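Shown next: upload-v1.txt, containing compact mmCIF, C-alpha atoms and all ligand atoms.
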# COMPACT_ATOMS: atom_id res chain seq x y z
CA MET B 739 27.92 -17.23 51.27
CA ASP B 740 28.97 -17.81 47.66
CA ILE B 741 29.43 -21.28 46.24
CA THR B 742 33.26 -21.05 46.39
CA THR B 743 33.19 -20.43 50.13
CA GLN B 744 30.57 -23.14 50.56
CA LEU B 745 32.71 -25.62 48.60
CA THR B 746 35.80 -24.76 50.67
CA ARG B 747 33.87 -25.68 53.77
CA PHE B 748 32.44 -28.75 52.06
CA HIS B 749 36.01 -29.89 51.18
CA LYS B 750 37.01 -29.64 54.83
CA MET B 751 34.10 -31.86 55.81
CA LEU B 752 34.76 -34.31 52.96
CA ALA B 753 38.42 -34.65 53.95
CA GLN B 754 37.30 -36.18 57.25
CA VAL B 755 34.24 -38.02 55.93
CA LEU B 756 36.16 -39.75 53.12
CA LYS B 757 38.62 -41.05 55.69
CA THR B 758 36.40 -42.51 58.40
CA ASN B 759 32.68 -42.39 57.48
CA THR B 760 31.89 -45.86 56.10
CA PHE B 761 28.51 -44.87 54.62
CA TYR B 762 29.64 -41.85 52.62
CA LYS B 763 33.09 -43.21 51.81
CA GLN B 764 31.41 -46.12 50.04
CA LYS B 765 28.78 -43.95 48.40
CA LEU B 766 31.24 -41.37 47.10
CA THR B 767 33.89 -43.78 45.91
CA ASP B 768 31.14 -45.69 44.06
CA ALA B 769 30.42 -42.35 42.35
CA GLY B 770 34.10 -41.97 41.46
CA ILE B 771 34.98 -39.39 44.14
CA ASN B 772 38.11 -40.20 46.09
CA LEU B 773 39.46 -36.78 47.10
CA PRO B 774 37.65 -33.60 48.25
CA ASN B 775 39.21 -31.36 45.61
CA GLU B 776 37.63 -33.41 42.84
CA ILE B 777 34.56 -31.23 43.54
CA GLN B 778 35.66 -27.86 42.14
CA THR B 779 32.59 -26.39 40.49
CA VAL B 780 28.83 -26.26 40.88
CA SER B 781 28.49 -28.79 38.11
CA ASP B 782 30.95 -31.17 39.88
CA TYR B 783 28.80 -30.78 42.98
CA GLN B 784 25.64 -31.52 41.02
CA GLN B 785 27.14 -34.84 39.90
CA LEU B 786 27.27 -36.10 43.48
CA PRO B 787 24.70 -38.80 44.26
CA PHE B 788 21.58 -37.91 46.26
CA THR B 789 20.98 -39.26 49.74
CA THR B 790 17.43 -40.41 50.57
CA LYS B 791 15.61 -41.10 53.79
CA ASP B 792 14.86 -44.68 52.68
CA GLU B 793 18.55 -45.27 52.15
CA LEU B 794 19.41 -43.98 55.63
CA SER B 795 16.59 -46.02 57.18
CA SER B 796 17.64 -49.28 55.57
CA ASN B 797 21.25 -48.56 56.50
CA GLN B 798 20.18 -48.32 60.18
CA VAL B 799 18.10 -51.48 59.85
CA SER B 800 21.03 -53.44 58.42
CA HIS B 801 23.57 -51.89 60.83
CA PRO B 802 21.65 -51.32 64.05
CA PRO B 803 21.24 -49.22 66.02
CA TYR B 804 22.83 -46.14 64.37
CA GLY B 805 23.87 -47.28 60.88
CA THR B 806 27.25 -46.55 59.31
CA ASN B 807 26.90 -42.78 58.65
CA LEU B 808 29.28 -42.09 61.55
CA THR B 809 32.52 -40.19 61.10
CA PHE B 810 33.84 -40.71 64.62
CA PRO B 811 33.90 -43.48 67.27
CA LEU B 812 30.68 -43.57 69.35
CA GLU B 813 32.27 -41.99 72.42
CA HIS B 814 32.57 -38.70 70.48
CA TYR B 815 28.79 -38.25 70.37
CA THR B 816 26.83 -36.45 73.08
CA CYS B 817 23.19 -36.31 71.89
CA LEU B 818 20.76 -38.82 70.44
CA HIS B 819 17.42 -37.83 68.91
CA GLN B 820 15.04 -39.56 66.56
CA THR B 821 12.45 -38.76 63.93
CA SER B 822 8.77 -39.34 64.61
CA GLY B 823 8.61 -42.38 62.38
CA THR B 824 5.28 -41.33 60.88
CA THR B 825 6.57 -42.68 57.59
CA GLY B 826 8.45 -45.90 58.34
CA SER B 827 10.68 -46.70 61.29
CA PRO B 828 12.19 -43.75 63.20
CA LEU B 829 15.67 -42.61 62.21
CA ARG B 830 18.15 -42.28 65.05
CA TRP B 831 20.48 -39.31 64.80
CA LEU B 832 23.66 -38.64 66.78
CA ASP B 833 25.41 -35.32 67.38
CA THR B 834 28.86 -34.55 68.71
CA LYS B 835 29.47 -31.61 71.03
CA GLU B 836 30.66 -29.63 67.98
CA SER B 837 27.64 -30.43 65.81
CA TRP B 838 25.25 -29.76 68.71
CA ASP B 839 26.85 -26.33 69.15
CA TRP B 840 26.43 -25.84 65.40
CA TRP B 841 22.68 -26.53 65.81
CA GLY B 842 22.63 -23.87 68.53
CA LYS B 843 24.39 -21.44 66.19
CA CYS B 844 21.79 -22.07 63.46
CA TRP B 845 19.06 -21.23 65.99
CA ARG B 846 20.89 -18.06 67.03
CA ASP B 847 20.74 -17.01 63.36
CA ILE B 848 16.96 -17.52 63.57
CA TYR B 849 16.72 -15.49 66.80
CA ASP B 850 18.95 -12.68 65.43
CA ALA B 851 16.83 -12.39 62.29
CA ALA B 852 13.67 -12.03 64.43
CA GLY B 853 15.31 -9.36 66.64
CA ILE B 854 15.40 -11.59 69.74
CA THR B 855 18.09 -10.80 72.34
CA SER B 856 19.37 -12.11 75.67
CA ALA B 857 16.85 -9.80 77.38
CA ASP B 858 13.99 -11.94 76.02
CA ARG B 859 12.40 -14.74 78.02
CA PHE B 860 11.64 -18.01 76.28
CA MET B 861 8.90 -20.59 76.61
CA ILE B 862 9.57 -23.48 74.25
CA ALA B 863 6.14 -25.07 74.54
CA PHE B 864 6.81 -28.71 73.86
CA SER B 865 6.81 -32.02 75.74
CA PHE B 866 10.57 -32.51 75.18
CA GLY B 867 10.35 -36.00 73.72
CA PRO B 868 12.93 -37.49 71.32
CA PHE B 869 12.20 -34.99 68.49
CA ILE B 870 15.23 -32.75 67.92
CA GLY B 871 13.62 -29.44 66.93
CA PHE B 872 12.78 -27.97 70.29
CA TRP B 873 15.82 -29.33 72.13
CA SER B 874 18.01 -27.55 69.59
CA ALA B 875 15.92 -24.36 69.93
CA TYR B 876 16.56 -24.62 73.68
CA HIS B 877 20.30 -25.04 73.10
CA GLY B 878 20.29 -21.94 70.88
CA ALA B 879 18.47 -19.94 73.57
CA GLN B 880 21.07 -21.04 76.10
CA GLN B 881 23.87 -19.94 73.75
CA LEU B 882 22.09 -16.60 73.52
CA SER B 883 22.08 -16.44 77.36
CA ALA B 884 18.33 -15.85 77.43
CA LEU B 885 16.14 -17.03 80.33
CA THR B 886 14.34 -20.20 79.22
CA LEU B 887 11.54 -21.84 81.19
CA ALA B 888 11.44 -25.61 81.64
CA ASN B 889 7.88 -26.79 80.88
CA GLY B 890 8.01 -30.40 79.66
CA GLY B 891 4.96 -32.27 80.96
CA PHE B 892 3.00 -29.06 81.64
CA THR B 893 -0.65 -28.89 80.65
CA SER B 894 -1.73 -26.08 78.35
CA GLU B 895 -3.26 -24.25 81.35
CA GLN B 896 0.04 -24.50 83.28
CA ARG B 897 1.94 -23.19 80.26
CA ILE B 898 -0.35 -20.18 79.95
CA ARG B 899 0.02 -19.37 83.65
CA ALA B 900 3.82 -19.70 83.37
CA ILE B 901 3.88 -17.39 80.34
CA LEU B 902 1.96 -14.73 82.25
CA SER B 903 3.66 -15.00 85.64
CA ASN B 904 7.20 -15.06 84.24
CA ASP B 905 6.74 -12.27 81.67
CA VAL B 906 7.64 -14.54 78.76
CA THR B 907 8.30 -12.58 75.53
CA VAL B 908 9.12 -15.37 73.05
CA VAL B 909 7.09 -18.54 72.51
CA ILE B 910 8.24 -21.37 70.26
CA CYS B 911 5.76 -24.10 69.29
CA THR B 912 3.95 -25.60 66.32
CA PRO B 913 1.41 -23.25 64.69
CA THR B 914 -1.32 -25.71 65.64
CA TYR B 915 -0.34 -25.50 69.30
CA ALA B 916 -0.13 -21.68 69.27
CA LEU B 917 -3.80 -21.62 68.28
CA ARG B 918 -4.65 -24.35 70.78
CA LEU B 919 -2.99 -22.38 73.62
CA ALA B 920 -4.99 -19.29 72.62
CA GLU B 921 -8.20 -21.35 72.66
CA VAL B 922 -7.45 -22.77 76.12
CA ALA B 923 -6.54 -19.27 77.40
CA GLU B 924 -9.87 -17.96 76.13
CA GLN B 925 -11.72 -20.73 77.99
CA GLU B 926 -9.88 -19.58 81.14
CA GLY B 927 -10.97 -15.99 80.54
CA ILE B 928 -7.48 -14.90 79.42
CA ASP B 929 -6.81 -12.81 76.32
CA LEU B 930 -3.17 -13.53 75.39
CA ASN B 931 -3.13 -10.47 73.13
CA LYS B 932 -3.85 -8.13 76.04
CA ASP B 933 -2.78 -10.10 79.11
CA SER B 934 0.65 -11.39 77.97
CA ILE B 935 3.75 -9.47 76.84
CA VAL B 936 4.73 -12.12 74.27
CA ARG B 937 6.07 -10.18 71.27
CA VAL B 938 7.49 -12.91 69.03
CA THR B 939 6.31 -16.44 68.29
CA ILE B 940 8.37 -18.87 66.22
CA HIS B 941 6.75 -21.85 64.57
CA ALA B 942 8.04 -25.05 63.07
CA GLY B 943 6.88 -28.53 62.21
CA GLU B 944 4.05 -27.40 59.92
CA PRO B 945 3.68 -24.76 57.18
CA GLY B 946 1.24 -22.65 59.28
CA ALA B 947 3.24 -19.48 59.99
CA SER B 948 3.89 -18.99 56.26
CA LEU B 949 0.20 -19.33 55.41
CA PRO B 950 -1.32 -15.83 55.48
CA ALA B 951 -4.60 -16.94 57.10
CA THR B 952 -2.95 -19.00 59.85
CA LYS B 953 -0.23 -16.40 60.48
CA GLN B 954 -2.80 -13.63 60.83
CA ARG B 955 -4.87 -15.73 63.21
CA ILE B 956 -1.84 -16.48 65.45
CA GLU B 957 -0.76 -12.82 65.42
CA GLU B 958 -4.23 -11.60 66.37
CA ARG B 959 -4.65 -14.10 69.20
CA TRP B 960 -1.18 -13.47 70.64
CA GLY B 961 -0.61 -9.81 69.79
CA ALA B 962 2.85 -10.88 68.56
CA HIS B 963 4.78 -11.28 65.31
CA ALA B 964 4.63 -14.90 64.14
CA TYR B 965 7.78 -16.22 62.43
CA ASP B 966 8.04 -19.38 60.38
CA HIS B 967 11.00 -21.73 60.64
CA ALA B 968 11.78 -25.01 58.90
CA GLY B 969 14.33 -27.73 59.48
CA ALA B 970 14.68 -31.49 59.81
CA THR B 971 16.30 -33.96 62.20
CA GLU B 972 18.57 -35.37 59.50
CA VAL B 973 19.55 -31.95 58.13
CA GLY B 974 19.47 -29.15 60.69
CA ALA B 975 17.65 -25.86 61.30
CA TRP B 976 17.96 -24.40 57.80
CA GLY B 977 15.05 -21.92 57.58
CA VAL B 978 15.35 -18.32 58.79
CA MET B 979 12.57 -15.71 58.61
CA CYS B 980 13.82 -12.13 58.76
CA ARG B 981 11.96 -9.09 60.05
CA PRO B 982 10.23 -8.07 56.81
CA GLN B 983 8.65 -11.56 57.17
CA ALA B 984 8.34 -11.99 53.44
CA GLY B 985 9.22 -15.68 53.12
CA VAL B 986 11.80 -17.98 54.68
CA HIS B 987 15.53 -17.57 53.93
CA LEU B 988 17.69 -20.60 53.27
CA ASN B 989 20.63 -20.34 55.71
CA GLU B 990 23.27 -20.57 52.99
CA ASP B 991 26.09 -19.93 55.45
CA GLU B 992 25.51 -23.35 56.95
CA PHE B 993 23.85 -25.37 54.17
CA ILE B 994 24.29 -25.88 50.43
CA CYS B 995 20.73 -25.76 49.08
CA GLU B 996 19.28 -26.72 45.72
CA VAL B 997 15.70 -26.60 44.46
CA LEU B 998 15.16 -29.32 41.88
CA ASP B 999 12.32 -30.00 39.48
CA THR B 1000 10.47 -33.05 40.84
CA GLU B 1001 10.40 -34.79 37.46
CA THR B 1002 13.78 -33.98 35.93
CA ASP B 1003 15.94 -33.37 39.08
CA THR B 1004 17.36 -30.29 37.36
CA PRO B 1005 17.64 -26.83 39.03
CA SER B 1006 14.31 -25.02 39.07
CA ASP B 1007 12.48 -22.19 40.82
CA GLU B 1008 10.02 -24.65 42.24
CA GLY B 1009 10.39 -28.24 43.40
CA GLU B 1010 12.13 -30.41 45.98
CA LEU B 1011 14.61 -28.90 48.41
CA VAL B 1012 17.91 -30.81 48.42
CA ILE B 1013 20.43 -29.96 51.15
CA THR B 1014 24.00 -30.61 52.28
CA ASN B 1015 24.77 -29.48 55.83
CA LEU B 1016 28.22 -27.99 56.43
CA GLY B 1017 28.58 -28.12 60.21
CA ARG B 1018 27.65 -31.64 61.18
CA VAL B 1019 30.74 -33.67 60.29
CA GLY B 1020 29.96 -36.47 62.78
CA MET B 1021 26.75 -37.55 60.99
CA PRO B 1022 26.34 -35.42 57.86
CA VAL B 1023 23.96 -35.50 54.93
CA ILE B 1024 25.15 -34.79 51.40
CA ARG B 1025 22.63 -33.78 48.72
CA TYR B 1026 19.79 -35.02 50.92
CA ARG B 1027 16.34 -35.15 49.38
CA THR B 1028 14.26 -33.45 52.06
CA GLY B 1029 10.91 -34.32 50.44
CA ASP B 1030 9.89 -30.68 51.06
CA TYR B 1031 8.15 -28.88 48.22
CA VAL B 1032 9.31 -25.25 47.96
CA LYS B 1033 9.18 -22.24 45.66
CA LEU B 1034 12.06 -19.71 45.32
CA LYS B 1035 11.32 -16.00 45.25
CA PRO B 1036 12.64 -14.39 42.06
CA THR B 1037 13.95 -11.26 43.82
CA PRO B 1038 16.39 -10.72 46.72
CA CYS B 1039 14.94 -9.89 50.14
CA GLU B 1040 14.54 -6.27 51.21
CA CYS B 1041 16.43 -7.09 54.45
CA GLY B 1042 19.68 -7.09 52.43
CA SER B 1043 20.59 -10.74 53.02
CA GLN B 1044 22.04 -12.53 49.99
CA HIS B 1045 20.53 -15.83 51.10
CA ARG B 1046 17.74 -16.94 48.79
CA VAL B 1047 14.14 -16.83 50.01
CA LEU B 1048 11.36 -19.42 49.81
CA ASP B 1049 8.08 -17.82 48.97
CA SER B 1050 5.86 -19.65 51.48
CA GLY B 1051 8.39 -21.62 53.50
CA VAL B 1052 7.75 -25.32 53.02
CA ILE B 1053 4.57 -25.60 50.96
CA GLY B 1054 4.12 -29.28 51.75
CA ARG B 1055 5.66 -32.72 51.70
CA ILE B 1056 5.96 -34.01 48.16
CA ASP B 1057 4.48 -37.36 49.17
CA ASN B 1058 1.63 -35.65 51.09
CA ALA B 1059 0.05 -33.91 48.14
CA ILE B 1060 -3.53 -35.13 47.82
CA ILE B 1061 -4.37 -36.04 44.25
CA ILE B 1062 -8.09 -35.62 43.86
CA ARG B 1063 -9.86 -35.94 40.51
CA GLY B 1064 -6.52 -35.32 38.82
CA LEU B 1065 -5.73 -32.19 40.84
CA ASN B 1066 -2.62 -32.00 43.00
CA VAL B 1067 -3.59 -30.29 46.26
CA TYR B 1068 -1.37 -29.56 49.27
CA PRO B 1069 -3.06 -29.70 52.70
CA ALA B 1070 -1.57 -26.26 53.46
CA THR B 1071 -3.47 -24.72 50.54
CA ILE B 1072 -6.77 -26.01 51.91
CA GLU B 1073 -5.86 -24.87 55.44
CA ASN B 1074 -5.16 -21.37 54.15
CA ILE B 1075 -8.60 -21.24 52.55
CA ILE B 1076 -10.50 -22.55 55.59
CA LEU B 1077 -8.76 -20.42 58.23
CA LYS B 1078 -9.58 -17.24 56.31
CA PHE B 1079 -13.01 -17.65 57.93
CA PRO B 1080 -12.54 -16.20 61.43
CA ASP B 1081 -15.52 -18.10 62.87
CA VAL B 1082 -13.94 -21.50 62.10
CA ILE B 1083 -12.32 -22.78 65.29
CA GLU B 1084 -11.24 -26.25 64.16
CA PHE B 1085 -11.44 -28.35 61.03
CA ALA B 1086 -10.64 -31.75 59.53
CA VAL B 1087 -10.34 -32.88 55.92
CA ARG B 1088 -10.67 -36.38 54.49
CA ALA B 1089 -10.39 -37.74 51.00
CA TYR B 1090 -12.36 -40.91 50.23
CA LYS B 1091 -13.59 -42.86 47.28
CA THR B 1092 -17.15 -43.62 46.27
CA GLU B 1093 -17.85 -46.18 43.58
CA THR B 1094 -17.23 -43.68 40.85
CA LEU B 1095 -15.45 -40.63 42.29
CA ASP B 1096 -12.86 -39.22 44.64
CA GLU B 1097 -14.51 -37.01 47.24
CA LEU B 1098 -13.08 -34.34 49.53
CA GLU B 1099 -14.93 -33.77 52.79
CA VAL B 1100 -14.28 -30.86 55.13
CA GLN B 1101 -15.65 -30.86 58.69
CA ILE B 1102 -15.75 -27.57 60.56
CA GLU B 1103 -16.49 -26.32 64.05
CA THR B 1104 -17.76 -22.76 63.82
CA THR B 1105 -19.00 -20.01 66.12
CA ASN B 1106 -21.33 -18.67 63.41
CA PRO B 1107 -24.96 -18.82 64.72
CA ASN B 1108 -25.89 -19.65 61.11
CA PRO B 1109 -23.26 -22.34 60.51
CA THR B 1110 -24.62 -23.30 57.08
CA ASP B 1111 -23.57 -19.86 55.81
CA THR B 1112 -19.94 -20.62 56.67
CA ALA B 1113 -20.18 -24.10 55.15
CA LEU B 1114 -21.53 -22.67 51.90
CA ALA B 1115 -18.91 -19.92 51.84
CA ILE B 1116 -16.08 -22.43 52.32
CA THR B 1117 -17.52 -24.64 49.58
CA SER B 1118 -17.39 -21.76 47.12
CA ALA B 1119 -13.97 -20.54 48.32
CA ILE B 1120 -12.49 -24.01 47.67
CA ARG B 1121 -14.23 -24.16 44.29
CA ASP B 1122 -12.93 -20.69 43.33
CA ALA B 1123 -9.34 -21.32 44.46
CA LEU B 1124 -8.89 -24.93 43.37
CA GLY B 1125 -11.69 -25.67 40.92
CA LEU B 1126 -12.69 -28.48 43.25
CA ARG B 1127 -16.09 -29.44 44.64
CA ALA B 1128 -15.81 -30.23 48.36
CA ILE B 1129 -18.47 -31.45 50.79
CA VAL B 1130 -18.41 -29.13 53.81
CA LYS B 1131 -20.12 -30.38 56.99
CA VAL B 1132 -20.70 -28.54 60.26
CA VAL B 1133 -19.92 -30.55 63.41
CA SER B 1134 -20.58 -29.68 67.07
CA HIS B 1135 -18.14 -27.75 69.26
CA GLY B 1136 -15.29 -29.79 70.67
CA SER B 1137 -16.01 -32.84 68.51
CA LEU B 1138 -12.84 -32.57 66.39
CA PRO B 1139 -9.46 -33.53 67.89
CA ARG B 1140 -7.06 -30.86 69.21
CA TYR B 1141 -3.28 -31.19 68.86
CA GLU B 1142 -0.17 -30.17 70.81
CA LEU B 1143 2.42 -31.00 68.18
CA LYS B 1144 1.74 -31.48 64.50
CA SER B 1145 -1.90 -31.65 63.54
CA LYS B 1146 -3.39 -34.66 61.80
CA ARG B 1147 -6.22 -32.79 60.14
CA PHE B 1148 -5.86 -34.46 56.75
CA THR B 1149 -6.64 -38.11 56.11
CA ASP B 1150 -6.63 -39.96 52.85
CA GLU B 1151 -8.89 -43.01 53.10
CA ARG B 1152 -8.48 -44.17 49.52
ZN ZN Y 1201 15.15 -11.13 54.47

Do you think you could lay out the structure here as structure tokens?
Amino acid sequence: MDITTQLTRFHKMLAQVLKTNTFYKQKLTDAGINLPNEIQTVSDYQQLPFTTKDELSSNQVSHPPYGTNLTFPLEHYTCLHQTSGTTGSPLRWLDTKESWDWWGKCWRDIYDAAGITSADRFMIAFSFGPFIGFWSAYHGAQQLSALTLANGGFTSEQRIRAILSNDVTVVICTPTYALRLAEVAEQEGIDLNKDSIVRVTIHAGEPGASLPATKQRIEERWGAHAYDHAGATEVGAWGVMCRPQAGVHLNEDEFICEVLDTETDTPSDEGELVITNLGRVGMPVIRYRTGDYVKLKPTPCECGSQHRVLDSGVIGRIDNAIIIRGLNVYPATIENIILKFPDVIEFAVRAYKTETLDELEVQIETTNPNPTDTALAITSAIRDALGLRAIVKVVSHGSLPRYELKSKRFTDER
């Protein structure tokens, strides 16, 4: 979608928001915007103020429980979800029937791009807590009229049995959990690659499926094509991987997306992703700073879509970059180095401070009968890729934690 069409849709949303949404009405009039058609060009749009997560959080704290970013009376809303609250208090987010259907539509775009049809059978492997991602994936699968298995509260063993006995073809979960399920299957004597007919896996919540080493590992264990997806509770399901699987498209039919230099806030090929959603009038975000660090591909995608492509999906959270001895390192970069070693089954990384220096320690579980070889090889791979000396330690099997949702493999103790 070109910017003119995007702005037409944005005007429609603004017409309603400027009337009845206290939060944005205040914010936009403070910025001198009183009517939708005052935003006519890209540069007008770029003058609009950013929205930040801190701002939304403090708005909900001062106007509990939902804040003032509401365009309609409460009885218009049908769904309530919340963020994990790993950084600060959880954000509550409401959807109307219309905006919830819009979420479903965004997921159908993801399914279409991966060649998934109503003949597929879905397992959305997730505990179905308050996090929006998988509920919305479920809603999209229902819109597609595909058979979807309920599995909240299942153990990993129960999920594997359900995948096999119901001929599931599509599995949606975090990349961490895809590998965990494969590990549990192996312990049960099941080879998911041979014994299941899963052909597509879709992953969200972590960068994994855009990291070549992790993607390859998932595809080998499952015998399926692994697709990356990215989105956020406050924003929507904006990331779409197409069949050439060469990066993640921004869904520019449903979102206005900018990539801004993290120091100057000016348009750049690399930096923070800033998004306005176009289909969530009831509780929208306008120029929202996602905190996601991304890199645009310079060339259009071979699939023919005009939507721009992010080279490696979401590379990391801007505030999660580990600065060690002056180097800015994203956890995903380290993961991609470690998981290139097929004998590594689990790992953990911690940064800590000695009296004089920052240190980076990597713990690994490995199947190599000579584990020190792997430790030495990882030490030199990290040094070659990042110019960084890391301390790599071998730990015993099963001693590192396993995860069902997002992993917590990186800790900064400084
Ligand atoms: Zn494409």

- May I have the residues within 8 Å of ligand ZN 1201 (chain Y), computed using all atoms listed in the file, as a PyMOL selection string? chain B and resi 979-987+1038-1043+1045+1047

- Residue among B:Ala884, B:Leu1048, B:Leu832, B:Ile1024 lying closest to Pro1036 (chain B), counting only C-alpha atoms: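 Checking each candidate against Pro1036 (chain B), we get B:Leu1048 as the closest.
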
- Between CA of Arg897 (chain B) and CA of Ala863 (chain B), distance in Å (one decimal):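 Taking CA of Arg897 (chain B) and CA of Ala863 (chain B), their separation equals 7.3 Å.
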
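Residue nearest Tyr762 (chain B) within the list B:Leu808, B:Ala852, B:Leu1034, B:Val906: B:Leu808 [criterion: smallest interatomic distance, all atoms listed in the file].
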
- Kindly indicate which residue among B:Leu1138, B:Gly842, B:Arg899, B:Ile1056 lies nearest to Gly927 (chain B), using only C-alpha atoms for the distances. B:Arg899

- Query: Closest to Ala942 (chain B) among B:Lys1146, B:Lys843, B:Arg1027, B:His967, using only C-alpha atoms?
  - Reply: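 Closest residue, counting only C-alpha atoms: B:His967.
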
Non-local contacts of Arg1088 (chain B) (9 Å; only C-alpha atoms; under 3 positions in same chain excluded) as an mmCIF file with C-alpha atoms, in the coordinates of the input:
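The resulting out.cif:
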data_model
loop_
_atom_site.group_PDB
_atom_site.id
_atom_site.type_symbol
_atom_site.label_atom_id
_atom_site.label_comp_id
_atom_site.auth_asym_id
_atom_site.auth_seq_id
_atom_site.Cartn_x
_atom_site.Cartn_y
_atom_site.Cartn_z
ATOM 1 C CA GLU B 1097 -14.510 -37.010 47.240
ATOM 2 C CA LEU B 1098 -13.080 -34.340 49.530
ATOM 3 C CA GLU B 1099 -14.930 -33.770 52.790
ATOM 4 C CA VAL B 1100 -14.280 -30.860 55.130
ATOM 5 C CA GLN B 1101 -15.650 -30.860 58.690
ATOM 6 C CA ARG B 1147 -6.220 -32.790 60.140
ATOM 7 C CA PHE B 1148 -5.860 -34.460 56.750
ATOM 8 C CA THR B 1149 -6.640 -38.110 56.110
ATOM 9 C CA ASP B 1150 -6.630 -39.960 52.850
ATOM 10 C CA GLU B 1151 -8.890 -43.010 53.100
#

- Query: For Gly969 (chain B), which residue out of B:Gly1125, B:Gly878, B:Gly871, B:Gly1054 is the nearest one, using all atoms listed in the file?
  - Reply: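 Going through B:Gly1125, B:Gly878, B:Gly871, B:Gly1054 one by one, the smallest distance to Gly969 (chain B) is for B:Gly871.
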
- Residues within 6 Å of region 1109-1121 of chain B, all atoms listed in the file, excluding chain neighbours under 6 positions, as number ranges by chain: B: 1127-1128, 1130

- Return the single residue from B:Glu1084, B:Asp991, B:Glu1103, B:Glu895 that is closest to Thr742 (chain B), with distances computed using all atoms listed in the file.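 Closest residue, counting all atoms listed in the file: B:Asp991.
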
- For the atom pair CA of Pro1080 (chain B) and CA of Asp1122 (chain B), what is the interatomic distance in Å to one decimal place?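 Between CA of Pro1080 (chain B) and CA of Asp1122 (chain B) the gap works out to 18.7 Å.
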
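Near Pro1005 (chain B), within a cut-off of 12 Å and counting only C-alpha atoms, sit the residues Val780, Ser781, Gln784, Cys995, Glu996, Val997, Leu998, Asp999, Thr1000, Glu1001, Gly1009, Glu1010, Leu1011, Val1012, Lys1033 and Leu1034 of chain B, with same-chain residues fewer than 4 positions away left out.
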
- Two-atom distance - CA of Pro945 (chain B), CA of Glu926 (chain B) (Å):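 Rounded to one decimal, the two atoms are 28.0 Å apart.
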
- Message: Which residues are near Thr821 (chain B)? Cut-off 8 Å, only C-alpha atoms, ignore same chain within fewer than 3 positions. Put them as a PyMOL selection string.
- Response: chain B and resi 828-830+868-870+971

Written file, previous selection with C-alpha atoms, as a compact mmCIF listing (two decimals), in the frame of the given file:
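Written output follows (again.txt):
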# COMPACT_ATOMS: atom_id res chain seq x y z
CA PRO B 828 12.19 -43.75 63.20
CA LEU B 829 15.67 -42.61 62.21
CA ARG B 830 18.15 -42.28 65.05
CA PRO B 868 12.93 -37.49 71.32
CA PHE B 869 12.20 -34.99 68.49
CA ILE B 870 15.23 -32.75 67.92
CA THR B 971 16.30 -33.96 62.20

Please, which residues in region 979-1076 of chain B fall within 12 Å of region 757-760 of chain B when counting all atoms listed in the file, and what is the closest atom pair and distance in Å to one decimal for each, ordered by chain then residue number, as JSON lines?
{"residue": "B:Val1019", "atom": "CA", "partner": "B:Asn759", "partner_atom": "CA", "distance": 9.4}
{"residue": "B:Gly1020", "atom": "CA", "partner": "B:Asn759", "partner_atom": "CA", "distance": 8.4}
{"residue": "B:Met1021", "atom": "CA", "partner": "B:Asn759", "partner_atom": "CA", "distance": 8.4}
{"residue": "B:Pro1022", "atom": "CA", "partner": "B:Asn759", "partner_atom": "CA", "distance": 9.4}
{"residue": "B:Val1023", "atom": "CA", "partner": "B:Asn759", "partner_atom": "CA", "distance": 11.4}

- Test item: residues at most 10 Å from Ala875 (chain B), all atoms listed in the file, excluding those fewer than 6 positions along its chain, as a ChimeraX atom specification: /B:841-846,848-849,860,862,881,910,975
